[in-house]
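K.L.:
Please find one structure pasted underneath; my questions will follow.
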Amino acid sequence: MAAPHRQSRLSNALFAAPYLVVFIALLVVPLIWGIYLSLQKADLFGLYGFTGWTNYARVLNDALFWQSVRNTLLFVVVTVPILVGIGLFLGLALNARTGGAAFMRGVYFSSTVLSVTIVTLIWRFVFIPGDGLLSLAFQAMGWQPIGFLSTEGWSLFSVGVATVWWCIGLPMILILAALQQIPGDLYEAAALDNASRWRTFTRVTLPQIRGTLILVATIQIVMQFQLFGQAQLMTNGGPNGTSRPMVLYIYRAAFENWDVGQGAAASELLFLIILVAAMGQYWVTSRGPRT
Amino acid sequence: MKKLLLTSAAVACLATGASAQTTIELQRFFGACDSDYGDNTDVSAAVGECGIITSLINDFQAQNPDITVDVTTVEWPGYDQLNAQLASRNAPDVVSMHYSVISDYTSRNLLEPLGDILSEQGIDTSTFTDAALAGVTKDGQIYALPFDNWTMLWHVNLNLMEEAGLLNDDGTPIVPGSTDEFFEQAAQFKEATGKPYLVQILANETAAYTRLFYTFLMQQGVDPFTDPNAVDLTTPEATAAAEFLKRIYDEGATTTDMDYPAAVAGFSGGDGGIGINGTWLIGDYAAQSQEEGNALSDGYTVYPLPQLFGAQDATYADGHGWAVPRDPRRSDEEVAAIGQLMAYLAENDGEWARTGHLPAVASVFETEEFQSLPHRDNIAEVAETGQSLNPEVRRQFAIQDIIGEELNSAVHGNKPVDEALSTAQQRINDLLASL
Amino acid sequence: MSATTPIQHGHSRTLFWIAVAVSVLMFAPMAWVLVLSFTDNEALSRGTEAAFTGPYTLKNYTDIAGNSGVFRWFVNSLIVGAGQTAGVLVLSSLAGYAFGRLEWPGRKVIFVIVLFGLAVPEQAVIIPRHQIFSTLDLHNTYIGLMLPGMSLPFGVFLMTQFFRAIPPEIDEAALLDNATRWRIFWKVLLPLTLPAQATLGIFTFLFAWNDYWWPLISATDKDMYTLTIGIASSQVNFAQTEGLGFLAAQAVFAALPVLIVYIIFQKHVVTAVSGGAVK
């Protein structure tokens, strides 16, 4: 099939070489080294012998690990649909060529450019007991104050609120872009059929942007599985680990308990979970009608 | 930056004709307060941990123009950052360190023994208090300059206590002598003032729970770490201590949902009668009580945690020191500069004692300045009653987090007390077994 | 982009006003921090109600100018962000050309391996990476902060798609003229990928700008902190002596430049982000 001038040549690989060097040095080697570490008794300052599956057994027998897995899954299962849902709502609401819509798009995307420490600083000013914005509002209303960052349930909720606030820009923009690609004649045809708005939405709009919705959901699943900074800075995983995600579990094992072997074992398990989640999501979505 | 430092050093040389500039990196917690004390060299004008240590370092540099101290402030306690630095061989030259974690670092040979540095500066280690010296000595070697001893205290708002009728005739507060008395007084206090008796740090916190728990175990004569590699929390004494903490919460005898800063501000704002917090706040609260028109005006004093359990009067104590991470690349000039800084800090331990911490240099206790500090005679006995954990126990901060987390659950009713204690025991023993 | 149809217009009117109402939730936290940053620290220490009553002051901002590391952290973030972005663009474009446009032995297998890299989370490699960088003495250097982001396969994936999508006629003539591969890449194809470069560039820069875990353990010298880490290090002071107003001012100071740049280039950012991800 290849014409002579498009023949396979080894020298062509030179273009890929610079990236492949970085890829191997900074991704492949660390990945293999990480697997090796997970089979060792190791702290930050040295290796103390091969221990086989001991680290994995310790992680899998650790109730805290399973708690962090549950927290992370709960977080992903709740925030991802919310992010996709609000993104879709904003996409529909702001898909207009008016100055007002453009301005509102700007507003909803603005938080995305802030770094995680600014976001958590802002939200701590909202949630902290006594001095926080919500605390003042509750006092003004005469309600019983809630320890948003220190009560079981509320702490993960608060981390979730800050996360949705921070991350909402990207889903909105991606969905907007998809909406704008829908050919206008599809809507004209629907109008000729006297289709209701709801019917037009479910029969025209949704199928047309299905691919983008899947993309948005995939990106968000991968991102929210890696929740770390917000939880560390807002609640430090507390109270009693009820807002501690898997990544914070790994961080604590390695850098606070010095147990690099256990941290590495937990990382490999997280890798496995993300792989399964990503493949599962692919399997589910690829069975539906293609767009 | 290195270049920039070199250039400024060169400029300094030309300007003063002095010997070459030496820079040492100091990393510490105690907070950042550059906006208030960034340029202050008048140590006596500073108040509180952050103000005093910032001014001390400024003053040291002013006295030693050939030495630059590059200060990094880290989030308390800063050990995960230090660990990352040690692992990447980028550790600072001097770092603030609790006595209770020194053995973690010495067990991996990560700290410089300070015997030679101190003796070269003419610092006689026998001038340190026994408690301080014991805290920094491992296997016969000194691994940190001891700076203080500290403990949790019974900070008293006398104005509210008077309102509650909980003052003796001489104006001193009535201090409970048992848990039963504690709850009687708490009820009386709440009845009279409508406020909870205690202001406690209960939110986003592990250290405060653990320190109280250790204290009440020690008061029952129990050492949970007779074996430094395994904890025993299944004793009736452990249950009693945890049940007591829980009952304080259940009976509404404490503020709730306050994190550390909220609890500090809460006590100074008069949210409760007794603030359970550390030695380091005495200076701030005493200064506040001198001012007019606030909740503590002319009505603050402080005592050691009362003996609520029968066996012995004891309170959990720890201390802050200055350690020097090992670095084979360190030059002789830098080592000498570190020594000078250590000598300066030891000499000025009395200034540090104004924070409320107990001095690590024994002679400070005798000075007029120290004795004229407010309330110090109330707490002097802590020098005798203060106890630390078995010094061979490693990962004391990780253990503190585990106990604190589990007690937090128990106190808030999310877990039965016995389950929380047995979980804590299992977690700690897993941690220690894998060292 | 097709014109908005009347139906969409009718559809979105109510939704639009709901979106406007809800945007209060976007604004309120930022406005709160902004007000705090102008409130007197002393008054705030007695209670944040002071934000509504004053006194108001500029002191929190003048304090930053005098004593905060925030300037330096900002510059560090810019350097790391720009360097990482440049690196990713160069590496990804070259590799995208090789994978999407050229034939060479092993190409398919290697491409699949690279794609598998998409599934590797940072956590799985960060501890070994930290040890490798320790051995190479790369911590607390700009290069050390930039490099890990350059290994991510996302850019290669994106650029490969783009190079593949360019119709074969475009470089056919040049190939028949026996122009070198490099010349074709540089003169003919690369200019066509500019929209994709913009998309990838913005994604990469935002990623680098917001990165938290790697700089947290790699940049441990305060002169090398990025803005993210620097602000995190000063959040401590919630618990200590520095006032809430000063912290708020620091947050505003750190956020404002990015927000201003974003507002100026808003249209381009939005187009680039959406243009790249949706075919």
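FYI, nothing fancy with the structure tokens labels: chains A, B, ... in order, residues from 1 per chain, ligands from 1 as they appear.
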Tell me as a ChimeraX atom specification which residues belonging to chain B come within 9 Å of chain C, counting only C-alpha atoms.
P.N.:
/B:1,30-36,38,48-51,71-76,80-82,84-85,87-92,259-262,264-265,269
K.L.:
Do me a favour and pick out the residues of chain C within 7 Å of chain A, using only C-alpha atoms, as JSON, numbers by chain.
P.N.:
{"C": [1, 2, 4, 5, 9, 12, 15, 16, 19, 20, 26, 29, 30, 33, 47, 48, 91, 92, 94, 95, 98, 102, 103, 104, 105, 119, 120, 121, 123, 124, 125, 128, 129, 148, 151, 175, 176, 206, 209, 210, 212, 228, 231, 232, 251, 255, 258, 259, 266, 270, 274, 278]}
K.L.:
Taking the DSSP secondary structure from the backbone, can you list the residues of stretch 93-321 of chain B that are alpha helix (DSSP H), as JSON, numbers by chain?
P.N.:
{"B": [102, 103, 104, 105, 106, 115, 116, 117, 118, 119, 120, 130, 131, 132, 133, 134, 135, 136, 158, 159, 160, 161, 162, 163, 179, 180, 181, 182, 183, 184, 185, 186, 187, 188, 189, 190, 191, 192, 193, 207, 208, 209, 210, 211, 212, 213, 214, 215, 216, 217, 218, 219, 236, 237, 238, 239, 240, 241, 242, 243, 244, 245, 246, 247, 248, 249, 250, 260, 261, 262, 263, 264, 265, 266, 267, 268, 282, 283, 284, 285, 286, 287, 288, 289, 290]}
K.L.:
From the list B:Lys246, B:His375, B:Arg108, B:Arg329, which residue is nearest chain A when using only C-alpha atoms?
P.N.:
B:Arg108
K.L.:
Any idea what's packed within 7 Å of B:Ile123, counting only C-alpha atoms, ignoring anything in its chain fewer than 3 positions away? Could you give it as a VMD selection string?
P.N.:
chain B and resid 118 to 119 343
K.L.:
Any idea which chain B residues end up within 7 Å of chain A if we count only C-alpha atoms, as a PyMOL selection string please?
P.N.:
chain B and resi 80+83-84+87+203-204+257-258+262+398+405-406+408-409
K.L.:
Could you write out the selected residues, including N, CA, C and O atoms, as a short mmCIF file (atom, residue, chain, number, x, y, z; two decimals), in the first residue's frame?
P.N.:
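Saved to again-v2.cif:
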data_model
loop_
_atom_site.label_atom_id
_atom_site.label_comp_id
_atom_site.auth_asym_id
_atom_site.auth_seq_id
_atom_site.Cartn_x
_atom_site.Cartn_y
_atom_site.Cartn_z
N ASP B 80 7.30 15.74 57.09
CA ASP B 80 7.23 15.09 55.77
C ASP B 80 8.09 15.86 54.78
O ASP B 80 8.74 15.27 53.91
N ASN B 83 11.63 14.96 55.49
CA ASN B 83 11.93 13.63 54.96
C ASN B 83 12.22 13.69 53.46
O ASN B 83 13.16 13.05 52.98
N ALA B 84 11.39 14.44 52.74
CA ALA B 84 11.63 14.57 51.29
C ALA B 84 12.99 15.22 51.05
O ALA B 84 13.73 14.83 50.14
N ALA B 87 15.76 12.74 51.82
CA ALA B 87 15.84 11.73 50.77
C ALA B 87 16.50 12.29 49.53
O ALA B 87 17.16 11.57 48.78
N ALA B 203 -11.21 19.70 66.43
CA ALA B 203 -11.44 19.53 64.99
C ALA B 203 -10.12 19.58 64.23
O ALA B 203 -9.25 20.37 64.56
N ASN B 204 -10.02 18.77 63.20
CA ASN B 204 -8.82 18.72 62.36
C ASN B 204 -7.57 18.64 63.22
O ASN B 204 -6.59 19.35 62.99
N ASP B 257 -16.07 21.42 67.63
CA ASP B 257 -15.78 21.84 66.26
C ASP B 257 -14.72 22.93 66.15
O ASP B 257 -14.61 23.57 65.13
N MET B 258 -13.96 23.17 67.20
CA MET B 258 -12.92 24.19 67.07
C MET B 258 -11.63 23.54 66.61
O MET B 258 -11.18 22.56 67.20
N ALA B 262 -9.08 28.28 65.96
CA ALA B 262 -10.36 28.65 66.55
C ALA B 262 -10.32 28.50 68.07
O ALA B 262 -10.88 29.32 68.80
N ALA B 398 3.70 9.69 64.00
CA ALA B 398 2.73 8.85 63.30
C ALA B 398 1.79 8.19 64.33
O ALA B 398 0.58 8.10 64.12
N GLU B 405 -6.62 10.25 65.81
CA GLU B 405 -7.73 9.96 64.88
C GLU B 405 -8.76 9.06 65.53
O GLU B 405 -9.97 9.29 65.43
N GLU B 406 -8.26 8.01 66.19
CA GLU B 406 -9.20 7.04 66.77
C GLU B 406 -9.95 7.65 67.95
O GLU B 406 -11.15 7.42 68.12
N ASN B 408 -10.61 10.79 68.31
CA ASN B 408 -11.56 11.73 67.70
C ASN B 408 -12.86 10.99 67.38
O ASN B 408 -13.96 11.47 67.70
N SER B 409 -12.72 9.81 66.77
CA SER B 409 -13.92 9.01 66.45
C SER B 409 -14.69 8.63 67.70
O SER B 409 -15.91 8.71 67.74
#
K.L.:
Counting only C-alpha atoms, figure out which residue out of C:Thr160, C:Thr57, C:Thr204, C:Asn178 gets nearest to C:Gly87.
P.N.:
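Using only C-alpha atoms, the shortest distance to C:Gly87 belongs to C:Thr204.
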K.L.:
Just the strand (DSSP E) stuff from stretch 63-181 of chain B, please, per backbone DSSP, written as an NGL selection string.
P.N.:
:B and (67-73 or 94-98 or 137-138 or 141-142 or 144-146 or 148-157)
K.L.:
With C-alpha atoms kept, could you save the residues just selected as a CSV table (one decimal), in the first residue's frame?
P.N.:
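Output file out-v4.csv follows:
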chain,number,residue,atom,x,y,z
B,67,ILE,CA,26.7,35.1,58.7
B,68,THR,CA,23.5,35.0,56.8
B,69,VAL,CA,20.7,32.8,58.1
B,70,ASP,CA,18.3,31.8,55.3
B,71,VAL,CA,15.1,30.9,57.1
B,72,THR,CA,12.4,28.6,55.7
B,73,THR,CA,9.1,28.4,57.6
B,94,VAL,CA,19.6,23.6,61.1
B,95,VAL,CA,16.0,22.3,61.7
B,96,SER,CA,13.5,22.6,64.5
B,97,MET,CA,12.7,19.2,65.9
B,98,HIS,CA,10.7,17.7,68.7
B,137,THR,CA,20.6,12.4,74.0
B,138,LYS,CA,20.5,9.1,72.2
B,141,GLN,CA,25.4,11.5,72.1
B,142,ILE,CA,23.6,14.8,71.9
B,144,ALA,CA,20.0,18.6,69.1
B,145,LEU,CA,20.5,21.8,71.0
B,146,PRO,CA,17.7,21.6,73.5
B,148,ASP,CA,12.7,24.2,75.8
B,149,ASN,CA,10.3,21.8,77.4
B,150,TRP,CA,6.6,22.1,76.9
B,151,THR,CA,3.4,20.6,78.0
B,152,MET,CA,-0.3,21.1,77.8
B,153,LEU,CA,-1.7,23.5,80.4
B,154,TRP,CA,-4.9,24.6,82.2
B,155,HIS,CA,-5.3,28.2,80.9
B,156,VAL,CA,-7.9,29.9,83.2
B,157,ASN,CA,-10.3,32.8,82.4
